[in-house]
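Peer 1: Just final-v1.cif, nothing more (mmCIF, C-alpha atoms):
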```
data_run
loop_
_atom_site.label_atom_id
_atom_site.label_comp_id
_atom_site.auth_asym_id
_atom_site.auth_seq_id
_atom_site.Cartn_x
_atom_site.Cartn_y
_atom_site.Cartn_z
CA MET Q 132 0.00 0.00 0.00
CA ASN Q 133 2.88 2.35 0.82
CA ARG Q 134 4.54 1.52 -2.49
CA LEU Q 135 1.32 2.29 -4.36
CA SER Q 136 0.92 5.58 -2.52
CA LEU Q 137 4.51 6.50 -3.30
CA THR Q 138 4.04 5.70 -6.99
CA LEU Q 139 0.85 7.76 -7.16
CA SER Q 140 2.46 10.69 -5.38
CA ARG Q 141 5.41 10.62 -7.78
CA GLY Q 142 3.03 10.53 -10.74
CA VAL Q 143 1.04 13.46 -9.43
CA ALA Q 144 4.25 15.40 -8.78
CA GLN Q 145 5.46 14.79 -12.34
CA VAL Q 146 2.17 15.83 -13.92
CA THR Q 147 1.72 18.95 -11.80
CA GLY Q 148 5.32 19.99 -11.24
CA ALA Q 149 6.44 20.64 -14.82
CA ALA Q 150 5.19 21.06 -18.38
CA LEU Q 151 6.58 17.86 -19.87
CA GLY Q 152 7.76 17.35 -23.41
CA PRO Q 153 9.07 20.90 -24.06
CA TYR Q 154 10.88 19.89 -27.25
CA GLN Q 155 8.02 17.78 -28.56
CA SER Q 156 5.50 20.57 -27.95
CA ALA Q 157 7.83 23.07 -29.62
CA VAL Q 158 8.31 20.94 -32.74
CA ILE Q 159 4.59 20.34 -33.20
CA ARG Q 160 3.96 24.06 -32.69
CA ILE Q 161 6.42 24.88 -35.46
CA GLY Q 162 5.19 22.01 -37.63
CA PHE Q 163 1.47 22.77 -37.57
CA ALA Q 164 1.79 26.55 -37.67
CA GLY Q 165 4.39 26.31 -40.43
CA THR Q 166 2.21 23.98 -42.49
CA TRP Q 167 -0.77 26.33 -42.25
CA LEU Q 168 1.41 29.35 -43.02
CA LEU Q 169 2.85 27.74 -46.15
CA PHE Q 170 -0.64 26.77 -47.28
CA LEU Q 171 -1.97 30.31 -46.83
CA LEU Q 172 0.98 31.79 -48.70
CA ARG Q 173 0.73 29.32 -51.56
CA GLU Q 174 -2.99 29.91 -51.96
CA PHE Q 175 -2.74 33.68 -51.55
CA PRO Q 176 -3.48 34.36 -55.25
CA HIS Q 177 -6.54 32.07 -55.02
CA ARG Q 178 -7.77 33.09 -51.57
CA GLN Q 179 -10.91 34.79 -52.88
CA GLU Q 180 -12.02 31.67 -54.73
CA LEU Q 181 -11.22 29.31 -51.86
CA TYR Q 182 -12.53 31.19 -48.83
CA GLY Q 183 -13.71 34.60 -49.97
CA PRO Q 184 -16.76 36.19 -51.60
CA SER Q 185 -15.66 35.03 -55.07
CA GLY Q 186 -15.83 31.35 -54.22
CA PRO Q 187 -18.47 28.90 -55.48
CA TRP Q 188 -19.45 28.15 -51.86
CA GLY Q 189 -21.22 31.44 -51.33
CA TRP Q 190 -21.70 33.42 -48.14
CA ASN Q 191 -25.38 32.44 -47.81
CA LEU Q 192 -24.61 28.73 -48.22
CA ALA Q 193 -21.85 28.93 -45.64
CA LYS Q 194 -24.14 30.80 -43.28
CA GLN Q 195 -26.84 28.14 -43.55
CA LEU Q 196 -24.32 25.36 -42.94
CA THR Q 197 -22.73 26.97 -39.87
CA ASP Q 198 -26.16 27.74 -38.41
CA ASP Q 199 -26.91 24.04 -38.72
CA ASN Q 200 -23.62 22.50 -37.51
CA GLN Q 201 -22.85 25.29 -34.99
CA ALA Q 202 -19.31 25.75 -36.31
CA PHE Q 203 -17.35 28.87 -35.46
CA THR Q 204 -16.04 31.20 -38.17
CA ALA Q 205 -15.32 34.90 -37.95
CA LEU Q 206 -15.50 35.23 -41.74
CA LEU Q 207 -19.28 35.10 -41.61
CA TRP Q 208 -19.50 38.17 -39.40
CA SER Q 209 -19.52 40.20 -42.61
CA ASP Q 210 -19.79 39.43 -46.32
CA GLY Q 211 -17.53 42.32 -47.33
CA ARG Q 212 -14.26 41.83 -49.17
CA LEU Q 213 -12.35 44.09 -46.77
CA TRP Q 214 -13.31 41.96 -43.76
CA PHE Q 215 -12.17 38.84 -45.57
CA GLU Q 216 -8.80 40.40 -46.40
CA ILE Q 217 -8.34 41.46 -42.77
CA CYS Q 218 -9.13 37.96 -41.49
CA TYR Q 219 -6.82 36.32 -44.02
CA ALA Q 220 -3.97 38.68 -43.16
CA LEU Q 221 -4.45 38.07 -39.44
CA ALA Q 222 -4.39 34.31 -40.04
CA VAL Q 223 -1.05 34.67 -41.85
CA LEU Q 224 0.43 36.88 -39.13
CA ALA Q 225 -0.79 34.63 -36.31
CA SER Q 226 0.74 31.58 -38.00
CA ALA Q 227 4.07 33.35 -38.45
CA ALA Q 228 4.03 34.51 -34.82
CA LEU Q 229 3.35 30.98 -33.60
CA VAL Q 230 6.16 29.54 -35.72
CA LEU Q 231 8.57 32.05 -34.19
CA GLY Q 232 7.13 31.57 -30.71
CA TRP Q 233 6.33 35.25 -30.27
CA ARG Q 234 3.77 35.81 -27.48
CA THR Q 235 2.91 32.15 -27.78
CA ARG Q 236 -0.18 32.15 -25.58
CA THR Q 237 -1.85 34.92 -27.58
CA SER Q 238 -0.62 33.78 -30.98
CA SER Q 239 -1.90 30.23 -30.35
CA LEU Q 240 -5.38 31.65 -29.69
CA LEU Q 241 -5.27 33.76 -32.86
CA PHE Q 242 -3.89 30.79 -34.80
CA MET Q 243 -6.88 28.70 -33.71
CA VAL Q 244 -9.30 31.47 -34.68
CA GLY Q 245 -7.66 31.77 -38.11
CA VAL Q 246 -7.74 28.03 -38.80
CA LEU Q 247 -11.35 27.59 -37.69
CA SER Q 248 -12.57 30.74 -39.46
CA LEU Q 249 -11.14 29.79 -42.85
CA GLN Q 250 -11.81 26.07 -42.74
CA ASN Q 251 -15.37 26.38 -41.44
CA ARG Q 252 -16.10 29.04 -44.06
CA SER Q 253 -15.46 26.56 -46.89
CA VAL Q 254 -15.66 23.05 -45.50
CA PHE Q 255 -15.14 21.37 -48.87
CA VAL Q 256 -11.63 22.80 -49.32
CA GLY Q 257 -8.93 20.44 -48.08
CA ASP Q 258 -7.17 17.14 -48.61
CA GLY Q 259 -7.34 15.44 -45.20
CA GLY Q 260 -4.51 17.38 -43.61
CA ASP Q 261 -6.97 20.17 -42.88
CA ASN Q 262 -8.82 17.90 -40.44
CA VAL Q 263 -5.60 17.29 -38.52
CA LEU Q 264 -4.81 21.02 -38.44
CA HIS Q 265 -8.36 21.75 -37.34
CA LEU Q 266 -8.05 19.58 -34.24
CA MET Q 267 -4.44 20.41 -33.43
CA SER Q 268 -5.07 24.16 -33.55
CA ILE Q 269 -7.46 23.70 -30.62
CA TYR Q 270 -5.14 21.39 -28.68
CA LEU Q 271 -2.18 23.76 -29.05
CA VAL Q 272 -4.07 26.44 -27.09
CA PHE Q 273 -3.76 24.28 -23.96
CA THR Q 274 -0.03 23.60 -24.33
CA ARG Q 275 2.93 25.59 -23.07
CA CYS Q 276 4.61 25.18 -26.45
CA GLY Q 277 6.98 28.14 -26.20
CA GLN Q 278 9.37 26.76 -23.56
CA VAL Q 279 12.16 26.21 -26.10
CA TRP Q 280 12.90 27.26 -29.69
CA SER Q 281 10.87 30.44 -29.37
CA LEU Q 282 11.31 34.18 -29.05
CA ASP Q 283 9.48 33.95 -25.72
CA ALA Q 284 12.10 31.55 -24.36
CA ARG Q 285 14.94 33.76 -25.59
CA ARG Q 286 13.35 36.81 -24.00
CA ALA Q 287 12.96 34.95 -20.69
CA VAL Q 288 16.61 33.85 -20.74
CA ARG Q 289 17.82 37.37 -21.44
CA ALA Q 290 15.63 38.77 -18.66
CA ALA Q 291 16.94 36.18 -16.20
CA ALA Q 292 20.54 36.93 -17.20
CA ALA Q 293 19.95 40.66 -16.73
CA ARG Q 294 18.51 40.10 -13.26
CA ALA Q 295 21.49 37.91 -12.37
CA ARG Q 296 23.79 40.78 -13.30
CA GLY Q 297 21.78 43.12 -11.11
CA GLU Q 298 20.34 45.06 -14.03
CA ARG Q 299 16.83 46.42 -14.10
CA VAL Q 300 14.53 44.64 -16.54
CA PRO Q 301 12.08 47.08 -18.20
CA ALA Q 302 8.39 46.38 -17.75
CA ASP Q 303 6.68 44.43 -20.51
CA LEU Q 304 4.25 46.68 -22.36
CA VAL Q 305 3.49 44.52 -25.39
CA GLY Q 306 1.70 41.82 -23.38
CA PRO Q 307 -0.81 44.13 -21.67
CA VAL Q 308 -1.48 45.92 -24.97
CA LEU Q 309 -2.20 42.64 -26.73
CA TRP Q 310 -4.44 41.60 -23.84
CA ALA Q 311 -6.39 44.87 -24.02
CA VAL Q 312 -6.80 44.64 -27.81
CA LEU Q 313 -7.96 41.04 -27.57
CA GLY Q 314 -10.45 41.94 -24.83
CA LEU Q 315 -11.76 44.85 -26.89
CA ALA Q 316 -12.24 42.59 -29.90
CA LEU Q 317 -14.05 39.94 -27.86
CA GLY Q 318 -16.25 42.53 -26.17
CA THR Q 319 -17.16 44.16 -29.47
CA ALA Q 320 -18.04 40.79 -31.02
CA ALA Q 321 -20.19 39.87 -28.02
CA LEU Q 322 -22.01 43.20 -27.81
CA THR Q 323 -22.76 43.29 -31.54
CA GLY Q 324 -24.19 39.76 -31.50
CA ARG Q 325 -21.46 38.14 -33.61
CA PHE Q 326 -21.35 35.13 -31.32
CA HIS Q 327 -24.46 33.02 -31.78
CA ALA Q 328 -25.95 31.25 -28.79
CA THR Q 329 -25.37 27.88 -30.45
CA GLU Q 330 -21.62 28.39 -30.97
CA TRP Q 331 -20.67 28.74 -27.32
CA LEU Q 332 -17.59 26.52 -27.12
CA ILE Q 333 -15.00 28.66 -28.94
CA PRO Q 334 -16.22 31.99 -27.46
CA ALA Q 335 -16.13 30.43 -23.99
CA LEU Q 336 -12.60 29.19 -24.63
CA LEU Q 337 -11.49 32.62 -25.85
CA TRP Q 338 -13.03 34.42 -22.87
CA THR Q 339 -11.54 31.91 -20.41
CA ALA Q 340 -8.09 32.24 -21.96
CA TRP Q 341 -8.36 36.04 -21.95
CA ALA Q 342 -9.33 36.07 -18.26
CA GLY Q 343 -6.56 33.59 -17.47
CA LEU Q 344 -3.94 35.75 -19.19
CA GLY Q 345 -5.08 38.77 -17.19
CA LEU Q 346 -5.03 36.83 -13.94
CA TRP Q 347 -1.57 35.48 -14.73
CA TRP Q 348 -0.23 39.01 -15.30
CA VAL Q 349 -1.75 40.31 -12.06
CA VAL Q 350 -0.39 37.42 -9.99
CA GLU Q 351 3.05 37.66 -11.58
CA ARG Q 352 3.37 41.41 -11.09
CA ARG Q 353 1.28 42.23 -8.05
CA ALA Q 354 1.00 39.20 -5.79
CA ALA Q 355 3.24 39.47 -2.73
CA ARG Q 356 3.12 35.75 -1.99
CA ARG Q 357 4.31 32.91 -4.20
CA GLU Q 358 1.38 30.55 -3.60
CA PRO Q 359 -0.92 32.05 -6.27
CA ARG Q 360 1.82 31.80 -8.90
CA ILE Q 361 2.56 28.20 -7.92
CA LEU Q 362 -1.15 27.37 -8.20
CA LEU Q 363 -1.36 28.90 -11.68
CA ASP Q 364 1.74 26.98 -12.72
CA VAL Q 365 0.19 23.73 -11.52
CA VAL Q 366 -3.03 24.39 -13.46
CA ALA Q 367 -1.06 25.31 -16.60
CA ASN Q 368 1.14 22.21 -16.28
CA VAL Q 369 -1.86 19.90 -15.89
CA LEU Q 370 -3.54 21.43 -18.95
CA HIS Q 371 -0.33 21.20 -20.97
CA ASN Q 372 0.39 17.59 -20.04
CA GLY Q 373 -3.21 16.57 -20.64
CA ALA Q 374 -3.25 18.25 -24.05
CA LEU Q 375 0.03 16.56 -25.00
CA VAL Q 376 -1.43 13.16 -24.13
CA VAL Q 377 -4.54 13.98 -26.19
CA ILE Q 378 -2.35 14.92 -29.17
CA MET Q 379 -0.51 11.60 -28.87
CA ALA Q 380 -3.78 9.70 -28.59
CA GLU Q 381 -5.18 11.58 -31.60
CA ALA Q 382 -2.19 10.59 -33.73
CA CYS Q 383 -2.56 6.96 -32.67
CA LEU Q 384 -6.29 7.05 -33.39
CA ILE Q 385 -5.70 8.45 -36.88
CA TYR Q 386 -3.32 5.63 -37.78
CA ALA Q 387 -5.33 2.91 -36.09
CA THR Q 388 -8.62 3.82 -37.77
CA ALA Q 389 -6.92 4.32 -41.14
CA GLY Q 390 -5.16 0.97 -40.90
CA TRP Q 391 -8.15 -1.08 -39.76
CA TYR Q 392 -10.37 0.60 -42.34
CA LYS Q 393 -7.89 -0.36 -45.08
CA VAL Q 394 -7.87 -3.96 -43.89
CA GLN Q 395 -11.54 -4.21 -44.85
CA GLY Q 396 -10.99 -3.01 -48.42
CA SER Q 397 -10.62 -5.59 -51.19
CA ARG Q 398 -8.07 -3.47 -53.06
CA TRP Q 399 -5.85 -3.34 -49.98
CA GLN Q 400 -6.30 -7.05 -49.45
CA ASP Q 401 -5.10 -7.94 -52.95
CA GLY Q 402 -2.30 -5.34 -52.84
CA THR Q 403 -3.47 -3.11 -55.71
CA ALA Q 404 -4.87 -0.12 -53.76
CA VAL Q 405 -1.79 2.09 -54.26
CA TYR Q 406 -1.84 1.51 -58.03
CA TYR Q 407 -5.08 3.36 -58.76
CA PRO Q 408 -4.39 6.83 -57.24
CA LEU Q 409 -1.12 6.94 -59.17
CA HIS Q 410 -3.14 6.98 -62.41
CA LEU Q 411 -5.58 9.72 -61.45
CA ASP Q 412 -4.76 13.08 -63.02
CA TYR Q 413 -5.58 14.87 -59.77
CA PHE Q 414 -2.94 12.84 -57.89
CA SER Q 415 -0.28 12.68 -60.61
CA PRO Q 416 1.86 15.84 -60.63
CA TRP Q 417 4.74 13.72 -61.96
CA PRO Q 418 3.20 11.16 -64.39
CA GLY Q 419 6.59 9.72 -65.32
CA LEU Q 420 7.45 9.01 -61.69
CA ALA Q 421 4.01 7.51 -61.06
CA ASP Q 422 4.35 5.25 -64.12
CA LEU Q 423 7.80 4.14 -62.99
CA MET Q 424 6.54 3.15 -59.55
CA SER Q 425 3.38 1.45 -60.78
CA SER Q 426 5.24 -0.55 -63.43
CA SER Q 427 6.39 -2.99 -60.76
CA GLY Q 428 3.70 -5.15 -59.19
CA THR Q 429 6.08 -6.07 -56.39
CA ILE Q 430 6.55 -2.41 -55.40
CA MET Q 431 2.80 -1.83 -55.42
CA MET Q 432 2.18 -4.87 -53.24
CA ILE Q 433 4.91 -3.90 -50.76
CA ALA Q 434 3.58 -0.33 -50.60
CA ALA Q 435 -0.01 -1.49 -49.97
CA TYR Q 436 0.74 -4.19 -47.41
CA GLY Q 437 3.49 -2.15 -45.77
CA THR Q 438 1.19 0.84 -45.30
CA VAL Q 439 -1.50 -1.26 -43.64
CA MET Q 440 0.92 -3.10 -41.37
CA VAL Q 441 2.69 0.07 -40.22
CA GLN Q 442 -0.55 1.94 -39.50
CA VAL Q 443 -2.13 -0.96 -37.61
CA ALA Q 444 1.02 -1.79 -35.66
CA PHE Q 445 2.14 1.72 -34.69
CA PRO Q 446 -0.09 2.26 -31.62
CA PHE Q 447 1.01 -1.12 -30.24
CA THR Q 448 4.74 -0.38 -30.58
CA LEU Q 449 4.83 2.85 -28.59
CA PHE Q 450 6.20 1.16 -25.48
CA ASN Q 451 9.08 -0.39 -27.41
CA ARG Q 452 11.44 2.46 -28.06
CA ARG Q 453 13.50 0.98 -30.85
CA VAL Q 454 10.58 -0.40 -32.84
CA LYS Q 455 8.67 2.84 -32.36
CA ASN Q 456 11.59 4.90 -33.65
CA VAL Q 457 11.96 2.66 -36.71
CA LEU Q 458 8.26 2.97 -37.53
CA LEU Q 459 8.45 6.75 -37.09
CA VAL Q 460 11.18 6.92 -39.73
CA VAL Q 461 9.15 4.67 -42.04
CA MET Q 462 5.96 6.72 -41.64
CA MET Q 463 7.70 10.06 -42.12
CA ALA Q 464 9.45 8.74 -45.22
CA GLU Q 465 6.10 7.45 -46.51
CA HIS Q 466 4.50 10.88 -46.04
CA ALA Q 467 7.43 12.49 -47.83
CA VAL Q 468 6.87 10.15 -50.78
CA ILE Q 469 3.13 10.95 -50.74
CA ALA Q 470 3.95 14.67 -50.80
CA VAL Q 471 6.05 14.28 -53.97
CA VAL Q 472 4.39 11.45 -55.87
CA LEU Q 473 0.73 12.24 -55.14
CA GLY Q 474 1.13 16.02 -54.89
CA LEU Q 475 -0.20 16.31 -51.31
CA PRO Q 476 2.50 18.37 -49.56
CA PHE Q 477 0.35 19.96 -46.88
CA PHE Q 478 -1.37 16.73 -45.90
CA SER Q 479 2.06 15.13 -45.55
CA LEU Q 480 3.48 18.05 -43.56
CA ALA Q 481 0.53 17.94 -41.17
CA MET Q 482 0.97 14.21 -40.59
CA ILE Q 483 4.74 14.54 -40.15
CA ALA Q 484 4.10 17.26 -37.58
CA ALA Q 485 1.71 14.92 -35.75
CA ASP Q 486 4.31 12.13 -35.86
CA ALA Q 487 6.92 14.49 -34.40
CA VAL Q 488 5.26 14.40 -30.98
CA PHE Q 489 6.78 10.90 -30.58
CA LEU Q 490 10.34 11.88 -31.53
CA PRO Q 491 13.00 11.16 -28.88
CA THR Q 492 14.01 14.11 -26.72
CA SER Q 493 17.71 13.35 -27.24
CA PHE Q 494 17.28 13.52 -31.00
CA LEU Q 495 15.41 16.83 -30.81
CA ARG Q 496 18.08 18.32 -28.56
CA ARG Q 497 20.81 17.31 -30.99
CA LEU Q 498 18.74 18.74 -33.83
CA GLY Q 499 18.38 22.03 -31.96
CA ASP Q 500 22.12 22.15 -31.26
CA LEU Q 501 22.90 21.54 -34.94
CA ALA Q 502 20.51 24.32 -35.95
CA ALA Q 503 22.09 26.70 -33.42
CA ARG Q 504 25.60 25.95 -34.70
CA ALA Q 505 24.49 26.39 -38.31
CA ARG Q 506 22.89 29.72 -37.41
CA GLY Q 507 26.10 30.79 -35.68
CA ARG Q 508 28.18 29.94 -38.76
CA LEU Q 509 25.79 31.82 -41.02
CA ALA Q 510 25.98 34.83 -38.71
CA GLY Q 511 29.74 34.74 -39.04
CA GLY Q 512 30.23 34.81 -35.31
CA ALA Q 513 29.04 38.40 -35.04
CA GLY Q 514 27.46 39.29 -31.74
CA HIS Q 515 26.68 37.04 -28.84
CA GLU Q 516 23.68 34.79 -29.13
CA VAL Q 517 21.94 33.93 -25.89
CA PRO Q 518 21.61 30.13 -25.71
CA ALA Q 519 18.16 28.64 -25.68
CA PRO Q 520 16.96 27.27 -22.35
CA ARG Q 521 17.49 23.57 -21.79
CA PRO Q 522 14.68 22.25 -19.61
CA THR Q 523 15.72 19.49 -17.29
CA GLU Q 524 12.29 17.89 -17.26
CA GLU Q 525 11.82 14.76 -19.29
CA SER Q 526 9.11 14.61 -21.88
CA THR Q 527 5.73 13.01 -21.43
CA ALA Q 528 6.86 10.42 -23.96
CA ASP Q 529 9.92 9.64 -21.80
CA HIS Q 530 7.75 8.81 -18.83
CA VAL Q 531 5.71 6.24 -20.75
CA GLY Q 532 8.73 4.77 -22.49
CA PHE Q 533 8.23 6.32 -25.90
CA THR Q 534 11.70 7.77 -26.42
CA ALA Q 535 15.23 6.53 -26.55
#
```
Would you write out, as structure tokens, the structure that this file holds?

Peer 2:
Amino acid sequence: MNRLSLTLSRGVAQVTGAALGPYQSAVIRIGFAGTWLLFLLREFPHRQELYGPSGPWGWNLAKQLTDDNQAFTALLWSDGRLWFEICYALAVLASAALVLGWRTRTSSLLFMVGVLSLQNRSVFVGDGGDNVLHLMSIYLVFTRCGQVWSLDARRAVRAAAARARGERVPADLVGPVLWAVLGLALGTAALTGRFHATEWLIPALLWTAWAGLGLWWVVERRAARREPRILLDVVANVLHNGALVVIMAEACLIYATAGWYKVQGSRWQDGTAVYYPLHLDYFSPWPGLADLMSSSGTIMMIAAYGTVMVQVAFPFTLFNRRVKNVLLVVMMAEHAVIAVVLGLPFFSLAMIAADAVFLPTSFLRRLGDLAARARGRLAGGAGHEVPAPRPTEESTADHVGFTA
């Protein structure tokens, strides 16, 4: 009984005492925000046809659909072209800010609003990766994904170094300004009736996050005792760790359902399923490459059976580090091939970003060190770069045996 109590107390301490998986949460932040940013930039010339007033899915049709399915989208607050351009530009800026890790808590909220607004405006635009981005944009709001590899982390390190030298750190003005602007926008939308009674979830999340950011600032700046700050840290850590587990479970669910659904298909059973998409014009950006691959029946059979086996097996191999790491390499390579051969780059990037949550912490640290050294060489050694913080906490994946 004492051993069980000790184990439970250690588990509670790990979950509440630190935001686990700092490198994994950082890489999925960069991966998902970067994927959405690249998509928005690539489709910038066609934005009006995809999501704007010039599209075949008109404003009235979108309005009827969202009234029925209770989906949130700020694009339907007005049918004017100017409002659409403002929303599209804000979606681009929020994605870029999240990639860089600038004001991560606020930028993650704006990133979610941008993803939901555009995707729910035209639900028939997408290739499968949009569904992953849709879900992950919500989950990222609950994570503390700016602990490393972010401008927020660099600013925190510089502030800590300045305090250690006895220097005075100037008060942060950007955070309160962003908080005030966000509150003004939410209040205006609420008072003008932009939020419908049926779409309560996203407005409630935005208001709760806004109130939480304000409370965090007050406690951090004004509270004389440390207990309120410790309590807020515990709540934030629990939310972060829970969201990271949900992201892992979501990735496993995607592969498990896809694999078991394929098992039921006759084309996957006889090994010819991969052959047919290679001969569709829509999925053949490189016809010569598709013909070369499909000319071998052995390659087609290996690709079909291998895809099914990897997708079905992956959730069951997570507690075997070596097998899990091998399957991660195989799946990421498969998505890279899909991106080139089938012309689905953003679907593949979204899935690779989801896979990255299972990458070993040691590998991500080495990758970050290599990137830092490459950046230093490119900078020519000019100036002194403040090193990124190196959290001592293990990742969530480490604690369940996912990493090497």

Peer 1: To one decimal place in Å, what is the distance between atom CA of Q:Leu317 and atom CA of Q:Pro301?

Peer 2: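 Rounded to one decimal, the two atoms are 28.8 Å apart.
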
Peer 1: With only C-alpha atoms as the atoms that count, which of Q:Gly396, Q:Gly142, Q:Gly314, Q:Gly189 lies nearest to Q:Ala342?

Peer 2: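 Residue with the minimum atom-to-atom distance to Q:Ala342: Q:Gly314.
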
Peer 1: Rank nothing, just name the residue among Q:Val300, Q:Val376, Q:Gly402, Q:Pro476 nearest to Q:Val288, using only C-alpha atoms.

Peer 2: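 Checking each of Q:Val300, Q:Val376, Q:Gly402, Q:Pro476 against Q:Val288, counting only C-alpha atoms, the winner is Q:Val300.
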
Peer 1: Convert the output of the PyMOL selection byres ((chain Q and resi 252) around 10) on the shown file into explicit residues, formatted as a ChimeraX atom specification.

Peer 2: /Q:181-183,188-190,192-194,196-197,202-207,246-251,253-256

Peer 1: At a cut-off of 12 Å, using all atoms listed in the file, what residues contact stretch 257-264 of chain Q? Leave out same-chain residues fewer than 6 positions from it and give the result as a PyMOL selection string.

Peer 2: chain Q and resi 159-160+162-168+170-171+174+181-182+226+242-247+249-251+270-271+378+381-382+384-386+389+413-414+466+470+473-486

Peer 1: As a check of understanding, name the residues that the PyMOL selection byres ((chain Q and resi 489) around 9) selects in the supplied structure, as a PyMOL selection string.

Peer 2: chain Q and resi 155+379+449+455-456+459+485-488+490-492+528+533-534

Peer 1: Skip stretch 498-500 of chain Q itself and residues of its chain fewer than 2 positions away, then list as a CSV table (one decimal) with C-alpha atoms, in the coordinates of the input all residues within 12 Å of it, counting all atoms listed in the file.

Peer 2:
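Result file follows (result_5.csv):
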```csv
chain,number,residue,atom,x,y,z
Q,154,TYR,CA,10.9,19.9,-27.2
Q,155,GLN,CA,8.0,17.8,-28.6
Q,157,ALA,CA,7.8,23.1,-29.6
Q,158,VAL,CA,8.3,20.9,-32.7
Q,279,VAL,CA,12.2,26.2,-26.1
Q,280,TRP,CA,12.9,27.3,-29.7
Q,281,SER,CA,10.9,30.4,-29.4
Q,490,LEU,CA,10.3,11.9,-31.5
Q,491,PRO,CA,13.0,11.2,-28.9
Q,492,THR,CA,14.0,14.1,-26.7
Q,493,SER,CA,17.7,13.4,-27.2
Q,494,PHE,CA,17.3,13.5,-31.0
Q,495,LEU,CA,15.4,16.8,-30.8
Q,496,ARG,CA,18.1,18.3,-28.6
Q,502,ALA,CA,20.5,24.3,-36.0
Q,503,ALA,CA,22.1,26.7,-33.4
Q,504,ARG,CA,25.6,26.0,-34.7
Q,505,ALA,CA,24.5,26.4,-38.3
Q,506,ARG,CA,22.9,29.7,-37.4
Q,507,GLY,CA,26.1,30.8,-35.7
Q,518,PRO,CA,21.6,30.1,-25.7
Q,519,ALA,CA,18.2,28.6,-25.7
Q,520,PRO,CA,17.0,27.3,-22.4
Q,521,ARG,CA,17.5,23.6,-21.8
```

Peer 1: Could you state the separation of atom CA of Q:Gly148 and atom CA of Q:Arg356 in Å, given to one decimal place?

Peer 2: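 Atom-to-atom, atom CA of Q:Gly148 and atom CA of Q:Arg356 are spaced 18.4 Å apart.
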
Peer 1: Counting all atoms listed in the file, which residue out of Q:Val272, Q:Ala387, Q:Val305, Q:Asn372 sits closest to Q:Trp341?

Peer 2: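 Comparing Q:Val272, Q:Ala387, Q:Val305, Q:Asn372 against Q:Trp341, the winner is Q:Val272.
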
Peer 1: Of the candidates Q:Asp401, Q:Pro416, Q:Arg285, Q:Gln201, which one gets nearest to Q:His327 if we count all atoms listed in the file?

Peer 2: Q:Gln201

Peer 1: Atom CA of Q:Leu241 and atom CA of Q:Ser268, how far apart in Å?

Peer 2: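 Straight-line distance from atom CA of Q:Ser268 to atom CA of Q:Leu241 works out to 9.6 Å.
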
Peer 1: Can you report as JSON the centre and edge lengths in Å, to one decimal, of an axis-aligned box around the listed atoms of stretch 163-170 of chain Q padded with 4 Å on each side?

Peer 2:
```
{"center_x": 1.8, "center_y": 26.1, "center_z": -42.4, "size_x": 13.2, "size_y": 14.6, "size_z": 17.7}
```

Peer 1: Between Q:Arg357, Q:Arg289, Q:Arg299, Q:Arg236, which has the minimum distance to Q:Leu313 (counting only C-alpha atoms)?

Peer 2: Q:Arg236

Peer 1: Of the candidates Q:Arg325, Q:Leu221, Q:Glu330, Q:Phe445, which one gets nearest to Q:Asp198 if we count all atoms listed in the file?

Peer 2: Q:Glu330

Peer 1: Got a sec to resolve the PyMOL selection byres ((chain Q and resi 344) around 12) on this structure and send the residues as a VMD selection string?

Peer 2: chain Q and resid 234 to 237 240 306 to 311 313 to 314 337 to 343 345 to 351 363 367
